[in-house]
Amino acid sequence: MTYAKIENYRGAPAVMINGKAYPPMAMTARIKKPGYIKALGESGLRIFFLMANTSWLRPGIKGLEPSGLEAFCKNAEDLLREVPDAWIIVRIGLHPPVDWMMNHREELMTYNDGSQQESILASEVHEDRIPGMYSFASELWRADAAAALTEFCDAVDKRAFADRVIGYFLAAGGTSEWYPVNSIHEWDSGRYGDFSPPFLREYSRILREKYGTVENLRAAWNDPNADFEKPPIPNLKERRYINIDEKILDALHYMESAERIIGKELDHNPSSEYNLGVLLNADRYNFVADFFYAWHRATANAIIHFAKILKQRYEGKLVGAFYGSYGCTDFYNASTAGATLAIMDSGYCDFLAAPGVYNNREPGGYVAQREMQDSFRLRNQFFVVEEDSRTHLENDFYRDAMGLYTITDSIDTLKRDFARNICEDIFAWWFDQHAESGRYMHPDIYALFKRQQEIAELAYSLNRTKKNEIALIYDQESIFYASTQTDCLMLDYYRTSDLQRIGAPVDYYFHDDMSRGDMPDYKLYIMLNLFCLTRTERKAIHRKAARNGAVVLWLYAPGFIDPGKEKKMDNAYIESLTGFKTGRIDDTCSPRFKITGSHPALRYGDSCRRYGYIDRDVHSNVWLTPINLSPYANPFFYIEEDGEAEILGRYCINDKPAYAIKPYKGFTSVYCAAQILRSDLIQSLAEYAGCHLFSHNDDCIYANENFVTVHAKDSGERRISFKKPVSPWEVYQRRSYGSNITEITLDMRLGETLMFCLAPEDFQGHAETH
């Protein structure tokens, strides 16, 4: 009997099937063209995700249309005919049929006026016009979908190919990614939700689990009347902070012309009792953050429910789902970000997945990921990338939007995206979304895939223990205390614009892991969105940072909110966390600042450049809309001069300190009061902390102890520095670039990708034995 699991293999988690490690890549494609599938198999791809419906959703019509089970079985048999040793993970849709939704309207998302919203619900293998979005909290849906899943598994287990099925990937909601296709706040119509009975029951259960007693709930909400039985659904005024940026941006946009427009009014500071600038007024409306946490947790609970059924049924199968997106998402409505740790810590999911963001994917760009992949590593789990990398074989719209016009463009970007998975040691599948399949149907791509599988096999034969020196730290609770635009700026766009341009590899964690004994120590911690922290969490962060005297960079409003205090928002909480006495202006101000002085932590900065905002182009390759917005801060934080902190930068508009450094509680504390610190200043800070920098060119760099990859942002020379003397060997050119050297100079064209193995004798020895 086939046995699949995730196991630590040579220092990092790996997919193990019958005791053998399977490195990336895998493949998801429609089984439409036998020759294409055969060529993919001959390229070395062995794990295939097959998209399927239950027969509950698609019962079929005899002689006219196969059922969901029949369609899957045919695909599996067709796949194995072309790739006999393929392994299958079933990407199984758990959607209810339309008639179920029509007969159970009480299980659908419901607005404050009692209405529901007709919509289109589509995945890769189905599309229905539905009367309203089914609630992920629905116990009836969970029970009926579980019965359909069990029926599907019963049938598959009896098939001749059953032993080739190694797992299930749970799919629901829009495009299989567990987001509702209806919005829970419609600003124009005045409708908001969710008032469905299933969600109201789940909301109460989640609050009980979080707070335990009514007394704790009332203290958290500063509300003596709060109760578990009928927790409030926030109205649109109470949610206004979510899109408050629209008013601020409107004021900035019309600043010059407003007095020439009849009736035009500007509101630079759209403050109210419900918000403090872009932040939720947690003193009075903390329940709003809890509501959105419950919204996300309900989706996570549904995933856990189905994953548990599968894990209890099968001992040796993998289980995963889409969840945990911190990019290209609606941080509030989508319900797939705020409870990632609950799924990871449930013990029922082996992996979670998401596509890369759809920004700056063209040659010379960088495909940022959406998850905190190293938090998975600590739990012996995987983050899996849905690598829906486009090629020059797309239609003209995507070829132009992605900048992929030739086979060379395709090869360059496929090399780049593969290198990330090897160097950051995450799993991935190529995703061919074409209705008739064929995205990668080209002999040069087949040859590339074959070479990449050889590279991956080598990577898995080496010590895979990561030794990166920089950690990016995120908080899942804080996303519900800041506006959507603030979340997007700091968690999504910043990852594209700067965080991969440091010139050194970085790891990604939730801050909760800093209390774990198995999280490695880092020389530099970058605290992204830690706006809301409890007293216990603050102490854990201090202990971790002091363990090796690390450098800690704080951004914008670190620890400004303490949910355990009666007064929940206070500048003093920033001071106790960071060591910097902090002032605040409750109005919209420019966050731009310039550096000052000659501290070594400013080494690569430019005293003439304005900092504090994203100054690189960030753009979508799918929706073709502008992303870069006018920079602003509201509330506007600044550092008060106390004689202890060394000022590194001052705001351009008022000369108040914006950037400073000081020793604090056994570590070096660095506070940037703006939301963004540009990559050249992070480079400077990293070098000051003792981190190795491979490059200063703003190129996309992927590196670990065994490989270094460069994807050129422009044409020309660049210098790559290694940690120690190495003999770099380019794995595609099969060419040596020197022996026992510490740096190389490369003349590269824009978009070119070079991937160096640092121990070529390992590669050659591995090739000889395979």
# chains A, B, ... in the order shown; residues from 1 in each chain; ligands from 1
$ residues_around --residues "stretch 467-470 of chain A" --least-positions-apart "4" --cutoff "7 Å" --atoms "only C-alpha atoms" --output "ChimeraX atom specification"
/A:505-507,522-525,691
$ residues_around --residues "A:Lys565" --least-positions-apart "3" --cutoff "8 Å" --atoms "only C-alpha atoms" --output "number ranges by chain"
A: 220, 562, 568
$ residues_around --residues "A:Glu118" --least-positions-apart "5" --cutoff "10 Å" --atoms "only C-alpha atoms" --output "list in words"
Arg129, Ile130, Pro131, Gly132, Met133, Val181 and Asn182 of chain A
$ residues_around --residues "stretch 19-34 of chain A" --least-positions-apart "2" --cutoff "6 Å" --atoms "only C-alpha atoms" --output "JSON, numbers by chain"
{"A": [15, 16, 17, 36, 37, 45, 47, 48, 49, 75, 427, 428, 429, 430, 431, 432, 436, 437, 456]}
$ closest_atom_pairs --of "stretch 637-683 of chain A" --to "stretch 535-555 of chain A" --cutoff "9 Å" --atoms "only C-alpha atoms" --output "tab-separated table"
residue	atom	partner	partner_atom	distance
A:Tyr664	CA	A:Ala546	CA	8.9
A:Lys665	CA	A:Ala546	CA	6.8
A:Gly666	CA	A:Ala546	CA	4.7
A:Phe667	CA	A:Gly549	CA	4.4
A:Thr668	CA	A:Val551	CA	4.6
A:Ser669	CA	A:Val552	CA	5.1
A:Val670	CA	A:Leu553	CA	4.7
A:Tyr671	CA	A:Trp554	CA	4.8
A:Cys672	CA	A:Leu555	CA	5.1
A:Ala673	CA	A:Leu555	CA	5.8
A:Ala674	CA	A:Leu555	CA	6.5
A:Gln675	CA	A:Leu555	CA	5.6
A:Ile676	CA	A:Leu555	CA	7.0
A:Leu677	CA	A:Leu555	CA	7.9
A:Ile682	CA	A:Leu553	CA	8.9
$ residues_around --residues "A:Tyr241" --least-positions-apart "5" --cutoff "6 Å" --atoms "only C-alpha atoms" --output "list in words"
Asn275, Val278, Leu280 and Ser483 of chain A
$ residues_around --residues "stretch 211-217 of chain A" --least-positions-apart "5" --cutoff "7 Å" --atoms "only C-alpha atoms" --output "number ranges by chain"
A: 226-228
$ residues_around --residues "stretch 624-639 of chain A" --least-positions-apart "6" --cutoff "9 Å" --atoms "only C-alpha atoms" --output "mmCIF file with N, CA and C atoms, in the first residue's frame"
data_model
loop_
_atom_site.group_PDB
_atom_site.id
_atom_site.type_symbol
_atom_site.label_atom_id
_atom_site.label_comp_id
_atom_site.auth_asym_id
_atom_site.auth_seq_id
_atom_site.Cartn_x
_atom_site.Cartn_y
_atom_site.Cartn_z
ATOM 1 N N ILE A 248 -8.951 59.894 1.893
ATOM 2 C CA ILE A 248 -7.644 60.538 1.974
ATOM 3 C C ILE A 248 -7.047 60.715 0.573
ATOM 4 N N LEU A 249 -7.103 59.657 -0.221
ATOM 5 C CA LEU A 249 -6.548 59.726 -1.570
ATOM 6 C C LEU A 249 -7.318 60.711 -2.439
ATOM 7 N N LEU A 252 -5.993 64.113 -1.591
ATOM 8 C CA LEU A 252 -4.673 64.340 -2.171
ATOM 9 C C LEU A 252 -4.765 64.539 -3.679
ATOM 10 N N HIS A 253 -5.657 63.793 -4.300
ATOM 11 C CA HIS A 253 -5.795 63.865 -5.758
ATOM 12 C C HIS A 253 -6.327 65.226 -6.208
ATOM 13 N N ASN A 269 -8.502 64.446 6.724
ATOM 14 C CA ASN A 269 -8.470 63.683 7.968
ATOM 15 C C ASN A 269 -9.865 63.168 8.280
ATOM 16 N N LEU A 276 -9.156 55.847 13.967
ATOM 17 C CA LEU A 276 -8.068 56.793 14.166
ATOM 18 C C LEU A 276 -7.246 56.739 12.889
ATOM 19 N N GLY A 277 -7.556 57.604 11.944
ATOM 20 C CA GLY A 277 -6.923 57.536 10.634
ATOM 21 C C GLY A 277 -7.217 56.204 9.981
ATOM 22 N N VAL A 278 -6.158 55.482 9.585
ATOM 23 C CA VAL A 278 -6.333 54.196 8.911
ATOM 24 C C VAL A 278 -6.490 53.044 9.894
ATOM 25 N N LEU A 279 -6.531 53.348 11.184
ATOM 26 C CA LEU A 279 -6.630 52.301 12.198
ATOM 27 C C LEU A 279 -8.026 52.263 12.804
ATOM 28 N N ALA A 401 0.733 41.669 -21.311
ATOM 29 C CA ALA A 401 0.687 42.069 -19.900
ATOM 30 C C ALA A 401 1.850 41.487 -19.118
ATOM 31 N N LEU A 489 -0.327 47.736 1.329
ATOM 32 C CA LEU A 489 0.951 48.439 1.212
ATOM 33 C C LEU A 489 2.070 47.681 1.915
ATOM 34 N N TYR A 493 2.413 44.883 -1.452
ATOM 35 C CA TYR A 493 3.211 45.658 -2.407
ATOM 36 C C TYR A 493 4.670 45.778 -1.969
ATOM 37 N N TYR A 556 6.304 51.615 11.376
ATOM 38 C CA TYR A 556 5.069 52.383 11.531
ATOM 39 C C TYR A 556 4.503 52.409 12.952
ATOM 40 N N ALA A 557 3.644 51.468 13.328
ATOM 41 C CA ALA A 557 2.924 51.545 14.606
ATOM 42 C C ALA A 557 3.094 50.268 15.419
ATOM 43 N N ASN A 571 0.528 55.620 22.604
ATOM 44 C CA ASN A 571 1.921 55.746 22.155
ATOM 45 C C ASN A 571 2.888 55.081 23.120
ATOM 46 N N PHE A 580 11.578 53.518 22.049
ATOM 47 C CA PHE A 580 11.567 54.890 21.547
ATOM 48 C C PHE A 580 10.327 55.631 22.036
ATOM 49 N N LYS A 581 10.555 56.781 22.663
ATOM 50 C CA LYS A 581 9.444 57.637 23.030
ATOM 51 C C LYS A 581 8.848 58.206 21.739
ATOM 52 N N THR A 582 7.540 58.094 21.592
ATOM 53 C CA THR A 582 6.905 58.345 20.295
ATOM 54 C C THR A 582 5.834 59.418 20.403
ATOM 55 N N GLY A 583 5.849 60.326 19.450
ATOM 56 C CA GLY A 583 4.791 61.317 19.322
ATOM 57 C C GLY A 583 3.866 60.963 18.171
ATOM 58 N N ARG A 584 2.738 61.657 18.096
ATOM 59 C CA ARG A 584 1.751 61.325 17.066
ATOM 60 C C ARG A 584 0.977 62.565 16.656
ATOM 61 N N ILE A 585 0.727 62.686 15.364
ATOM 62 C CA ILE A 585 -0.142 63.723 14.823
ATOM 63 C C ILE A 585 -1.340 63.032 14.189
ATOM 64 N N ASP A 586 -2.529 63.335 14.686
ATOM 65 C CA ASP A 586 -3.729 62.669 14.177
ATOM 66 C C ASP A 586 -4.293 63.437 12.989
ATOM 67 N N ASP A 587 -3.530 63.399 11.920
ATOM 68 C CA ASP A 587 -3.923 64.056 10.678
ATOM 69 C C ASP A 587 -3.122 63.398 9.557
ATOM 70 N N THR A 588 -3.491 63.676 8.328
ATOM 71 C CA THR A 588 -2.776 63.120 7.189
ATOM 72 C C THR A 588 -1.529 63.938 6.908
ATOM 73 N N CYS A 589 -0.384 63.255 6.918
ATOM 74 C CA CYS A 589 0.904 63.914 6.678
ATOM 75 C C CYS A 589 1.713 63.065 5.705
ATOM 76 N N SER A 590 2.690 63.676 5.104
ATOM 77 C CA SER A 590 3.584 62.947 4.213
ATOM 78 C C SER A 590 4.577 62.142 5.035
ATOM 79 N N PRO A 591 4.786 60.860 4.701
ATOM 80 C CA PRO A 591 5.757 60.040 5.437
ATOM 81 C C PRO A 591 7.171 60.145 4.884
ATOM 82 N N ARG A 592 7.386 61.011 3.896
ATOM 83 C CA ARG A 592 8.713 61.071 3.279
ATOM 84 C C ARG A 592 9.731 61.659 4.251
ATOM 85 N N GLY A 612 10.659 56.464 2.978
ATOM 86 C CA GLY A 612 9.408 56.371 3.715
ATOM 87 C C GLY A 612 8.209 55.946 2.897
ATOM 88 N N TYR A 613 8.418 55.616 1.629
ATOM 89 C CA TYR A 613 7.313 55.223 0.756
ATOM 90 C C TYR A 613 7.874 54.344 -0.357
ATOM 91 N N ILE A 614 7.002 53.677 -1.092
ATOM 92 C CA ILE A 614 7.432 52.855 -2.225
ATOM 93 C C ILE A 614 7.674 53.762 -3.425
ATOM 94 N N ASP A 615 8.915 53.810 -3.887
ATOM 95 C CA ASP A 615 9.235 54.669 -5.025
ATOM 96 C C ASP A 615 9.550 53.867 -6.284
ATOM 97 N N ARG A 616 9.355 52.548 -6.221
ATOM 98 C CA ARG A 616 9.504 51.720 -7.411
ATOM 99 C C ARG A 616 8.129 51.438 -8.005
ATOM 100 N N ASP A 617 8.125 51.117 -9.269
ATOM 101 C CA ASP A 617 6.872 50.779 -9.945
ATOM 102 C C ASP A 617 6.379 49.413 -9.467
ATOM 103 N N VAL A 618 5.153 49.374 -8.975
ATOM 104 C CA VAL A 618 4.480 48.113 -8.672
ATOM 105 C C VAL A 618 3.186 48.117 -9.477
ATOM 106 N N ILE A 647 19.464 59.685 15.953
ATOM 107 C CA ILE A 647 18.540 59.961 14.865
ATOM 108 C C ILE A 647 19.211 59.657 13.531
ATOM 109 N N ARG A 650 15.007 62.300 9.250
ATOM 110 C CA ARG A 650 13.997 63.269 9.673
ATOM 111 C C ARG A 650 12.983 63.482 8.548
ATOM 112 N N TYR A 651 11.722 63.681 8.962
ATOM 113 C CA TYR A 651 10.673 63.938 7.990
ATOM 114 C C TYR A 651 10.958 65.227 7.230
ATOM 115 N N LYS A 656 10.777 66.441 12.078
ATOM 116 C CA LYS A 656 10.684 65.544 13.234
ATOM 117 C C LYS A 656 11.403 64.238 12.926
ATOM 118 N N PRO A 657 11.992 63.599 13.926
ATOM 119 C CA PRO A 657 12.715 62.348 13.687
ATOM 120 C C PRO A 657 11.788 61.253 13.178
ATOM 121 N N ALA A 658 12.210 60.589 12.108
ATOM 122 C CA ALA A 658 11.430 59.519 11.491
ATOM 123 C C ALA A 658 12.107 58.162 11.613
ATOM 124 N N TYR A 659 13.422 58.176 11.859
ATOM 125 C CA TYR A 659 14.202 56.937 11.801
ATOM 126 C C TYR A 659 15.309 57.055 12.826
ATOM 127 N N ALA A 660 15.437 56.031 13.714
ATOM 128 C CA ALA A 660 16.413 56.135 14.796
ATOM 129 C C ALA A 660 16.853 54.756 15.255
ATOM 130 N N TYR A 671 13.828 51.979 14.768
ATOM 131 C CA TYR A 671 12.429 52.298 14.517
ATOM 132 C C TYR A 671 12.316 53.228 13.315
ATOM 133 N N CYS A 672 11.570 52.759 12.311
ATOM 134 C CA CYS A 672 11.184 53.599 11.170
ATOM 135 C C CYS A 672 9.710 53.910 11.352
ATOM 136 N N ALA A 673 9.386 55.166 11.663
ATOM 137 C CA ALA A 673 8.007 55.536 11.970
ATOM 138 C C ALA A 673 7.131 55.637 10.725
ATOM 139 N N ALA A 674 7.751 55.641 9.553
ATOM 140 C CA ALA A 674 6.993 55.543 8.300
ATOM 141 C C ALA A 674 6.655 54.077 8.044
ATOM 142 N N GLN A 675 5.737 53.841 7.089
ATOM 143 C CA GLN A 675 5.328 52.454 6.833
ATOM 144 C C GLN A 675 6.372 51.660 6.067
#
$ closest_residue --among "A:Gln117, A:Gln683, A:Asn706, A:Ser346" --to "A:Gln381" --atoms "only C-alpha atoms"
A:Ser346
$ atom_distance --atom1 "atom CA of A:Ser721" --atom2 "atom CA of A:Thr745"
8.9 Å
$ select_by_dssp --residues "stretch 173-349 of chain A" --states "strand (DSSP E)" --output "PyMOL selection string"
chain A and resi 185-186+191-192+275-276+279-280+318-322
$ atom_distance --atom1 "atom CA of A:Glu7" --atom2 "atom CA of A:Ala86"
20.3 Å
$ closest_residue --among "A:Arg370, A:Lys724, A:Arg239, A:Arg420" --to "A:His185" --atoms "only C-alpha atoms"
A:Arg239
$ closest_residue --among "A:Ala459, A:Ala52, A:Ala339, A:Met101" --to "A:Arg10" --atoms "only C-alpha atoms"
A:Ala459
$ decode --residues "stretch 532-543 of chain A" --atoms "all heavy atoms" --output "PDB file, in the first residue's frame"
ATOM      1  N   CYS A 532      -0.786  45.180  16.820  1.00  0.00           N
ATOM      2  CA  CYS A 532      -1.578  44.718  17.964  1.00  0.00           C
ATOM      3  C   CYS A 532      -0.863  43.549  18.629  1.00  0.00           C
ATOM      4  O   CYS A 532      -0.759  42.471  18.038  1.00  0.00           O
ATOM      5  CB  CYS A 532      -2.980  44.319  17.503  1.00  0.00           C
ATOM      6  SG  CYS A 532      -4.047  43.737  18.832  1.00  0.00           S
ATOM      7  N   LEU A 533      -0.385  43.761  19.845  1.00  0.00           N
ATOM      8  CA  LEU A 533       0.348  42.720  20.565  1.00  0.00           C
ATOM      9  C   LEU A 533      -0.083  42.684  22.019  1.00  0.00           C
ATOM     10  O   LEU A 533      -0.293  43.727  22.640  1.00  0.00           O
ATOM     11  CB  LEU A 533       1.857  42.981  20.504  1.00  0.00           C
ATOM     12  CG  LEU A 533       2.550  42.892  19.140  1.00  0.00           C
ATOM     13  CD1 LEU A 533       3.978  43.409  19.245  1.00  0.00           C
ATOM     14  CD2 LEU A 533       2.532  41.465  18.613  1.00  0.00           C
ATOM     15  N   THR A 534      -0.179  41.477  22.568  1.00  0.00           N
ATOM     16  CA  THR A 534      -0.461  41.326  23.990  1.00  0.00           C
ATOM     17  C   THR A 534       0.836  41.466  24.786  1.00  0.00           C
ATOM     18  O   THR A 534       1.939  41.449  24.225  1.00  0.00           O
ATOM     19  CB  THR A 534      -1.074  39.956  24.284  1.00  0.00           C
ATOM     20  OG1 THR A 534      -0.086  38.940  24.011  1.00  0.00           O
ATOM     21  CG2 THR A 534      -2.309  39.709  23.428  1.00  0.00           C
ATOM     22  N   ARG A 535       0.690  41.569  26.081  1.00  0.00           N
ATOM     23  CA  ARG A 535       1.860  41.684  26.950  1.00  0.00           C
ATOM     24  C   ARG A 535       2.756  40.449  26.815  1.00  0.00           C
ATOM     25  O   ARG A 535       3.981  40.555  26.746  1.00  0.00           O
ATOM     26  CB  ARG A 535       1.392  41.843  28.395  1.00  0.00           C
ATOM     27  CG  ARG A 535       2.523  42.010  29.394  1.00  0.00           C
ATOM     28  CD  ARG A 535       1.988  42.046  30.811  1.00  0.00           C
ATOM     29  NE  ARG A 535       3.063  42.167  31.778  1.00  0.00           N
ATOM     30  CZ  ARG A 535       2.921  41.950  33.080  1.00  0.00           C
ATOM     31  NH1 ARG A 535       1.747  41.607  33.565  1.00  0.00           N
ATOM     32  NH2 ARG A 535       3.941  42.084  33.904  1.00  0.00           N
ATOM     33  N   THR A 536       2.145  39.272  26.765  1.00  0.00           N
ATOM     34  CA  THR A 536       2.909  38.033  26.638  1.00  0.00           C
ATOM     35  C   THR A 536       3.672  37.992  25.322  1.00  0.00           C
ATOM     36  O   THR A 536       4.840  37.569  25.277  1.00  0.00           O
ATOM     37  CB  THR A 536       1.965  36.822  26.743  1.00  0.00           C
ATOM     38  OG1 THR A 536       1.307  36.851  28.011  1.00  0.00           O
ATOM     39  CG2 THR A 536       2.727  35.517  26.597  1.00  0.00           C
ATOM     40  N   GLU A 537       3.036  38.436  24.255  1.00  0.00           N
ATOM     41  CA  GLU A 537       3.690  38.431  22.956  1.00  0.00           C
ATOM     42  C   GLU A 537       4.861  39.395  22.920  1.00  0.00           C
ATOM     43  O   GLU A 537       5.904  39.102  22.310  1.00  0.00           O
ATOM     44  CB  GLU A 537       2.667  38.783  21.872  1.00  0.00           C
ATOM     45  CG  GLU A 537       1.621  37.693  21.659  1.00  0.00           C
ATOM     46  CD  GLU A 537       0.448  38.124  20.816  1.00  0.00           C
ATOM     47  OE1 GLU A 537       0.215  39.342  20.682  1.00  0.00           O
ATOM     48  OE2 GLU A 537      -0.263  37.247  20.296  1.00  0.00           O
ATOM     49  N   ARG A 538       4.725  40.544  23.558  1.00  0.00           N
ATOM     50  CA  ARG A 538       5.827  41.510  23.607  1.00  0.00           C
ATOM     51  C   ARG A 538       7.037  40.925  24.328  1.00  0.00           C
ATOM     52  O   ARG A 538       8.189  41.084  23.888  1.00  0.00           O
ATOM     53  CB  ARG A 538       5.359  42.790  24.312  1.00  0.00           C
ATOM     54  CG  ARG A 538       4.275  43.544  23.555  1.00  0.00           C
ATOM     55  CD  ARG A 538       3.534  44.553  24.440  1.00  0.00           C
ATOM     56  NE  ARG A 538       2.305  44.994  23.801  1.00  0.00           N
ATOM     57  CZ  ARG A 538       2.162  46.115  23.111  1.00  0.00           C
ATOM     58  NH1 ARG A 538       3.183  46.946  23.012  1.00  0.00           N
ATOM     59  NH2 ARG A 538       1.013  46.413  22.550  1.00  0.00           N
ATOM     60  N   LYS A 539       6.785  40.242  25.425  1.00  0.00           N
ATOM     61  CA  LYS A 539       7.888  39.641  26.179  1.00  0.00           C
ATOM     62  C   LYS A 539       8.583  38.562  25.359  1.00  0.00           C
ATOM     63  O   LYS A 539       9.824  38.456  25.382  1.00  0.00           O
ATOM     64  CB  LYS A 539       7.347  39.045  27.480  1.00  0.00           C
ATOM     65  CG  LYS A 539       6.968  40.078  28.537  1.00  0.00           C
ATOM     66  CD  LYS A 539       6.529  39.401  29.831  1.00  0.00           C
ATOM     67  CE  LYS A 539       6.259  40.416  30.923  1.00  0.00           C
ATOM     68  NZ  LYS A 539       5.833  39.773  32.193  1.00  0.00           N
ATOM     69  N   ALA A 540       7.811  37.774  24.623  1.00  0.00           N
ATOM     70  CA  ALA A 540       8.414  36.716  23.809  1.00  0.00           C
ATOM     71  C   ALA A 540       9.313  37.304  22.727  1.00  0.00           C
ATOM     72  O   ALA A 540      10.397  36.772  22.441  1.00  0.00           O
ATOM     73  CB  ALA A 540       7.306  35.865  23.188  1.00  0.00           C
ATOM     74  N   ILE A 541       8.877  38.398  22.121  1.00  0.00           N
ATOM     75  CA  ILE A 541       9.687  39.052  21.087  1.00  0.00           C
ATOM     76  C   ILE A 541      10.980  39.596  21.686  1.00  0.00           C
ATOM     77  O   ILE A 541      12.071  39.430  21.110  1.00  0.00           O
ATOM     78  CB  ILE A 541       8.874  40.170  20.412  1.00  0.00           C
ATOM     79  CG1 ILE A 541       7.728  39.569  19.585  1.00  0.00           C
ATOM     80  CG2 ILE A 541       9.767  41.036  19.524  1.00  0.00           C
ATOM     81  CD1 ILE A 541       6.727  40.577  19.089  1.00  0.00           C
ATOM     82  N   HIS A 542      10.883  40.237  22.844  1.00  0.00           N
ATOM     83  CA  HIS A 542      12.082  40.764  23.502  1.00  0.00           C
ATOM     84  C   HIS A 542      13.068  39.641  23.838  1.00  0.00           C
ATOM     85  O   HIS A 542      14.284  39.773  23.620  1.00  0.00           O
ATOM     86  CB  HIS A 542      11.690  41.515  24.770  1.00  0.00           C
ATOM     87  CG  HIS A 542      11.080  42.857  24.514  1.00  0.00           C
ATOM     88  ND1 HIS A 542      10.345  43.545  25.452  1.00  0.00           N
ATOM     89  CD2 HIS A 542      11.083  43.643  23.408  1.00  0.00           C
ATOM     90  CE1 HIS A 542       9.929  44.689  24.943  1.00  0.00           C
ATOM     91  NE2 HIS A 542      10.366  44.769  23.700  1.00  0.00           N
ATOM     92  N   ARG A 543      12.559  38.543  24.379  1.00  0.00           N
ATOM     93  CA  ARG A 543      13.439  37.426  24.735  1.00  0.00           C
ATOM     94  C   ARG A 543      14.142  36.871  23.500  1.00  0.00           C
ATOM     95  O   ARG A 543      15.351  36.593  23.528  1.00  0.00           O
ATOM     96  CB  ARG A 543      12.640  36.313  25.417  1.00  0.00           C
ATOM     97  CG  ARG A 543      12.280  36.579  26.870  1.00  0.00           C
ATOM     98  CD  ARG A 543      11.837  35.299  27.563  1.00  0.00           C
ATOM     99  NE  ARG A 543      10.673  34.710  26.913  1.00  0.00           N
ATOM    100  CZ  ARG A 543       9.419  34.977  27.230  1.00  0.00           C
ATOM    101  NH1 ARG A 543       9.164  35.847  28.208  1.00  0.00           N
ATOM    102  NH2 ARG A 543       8.417  34.399  26.604  1.00  0.00           N
TER     103      ARG A 543
END
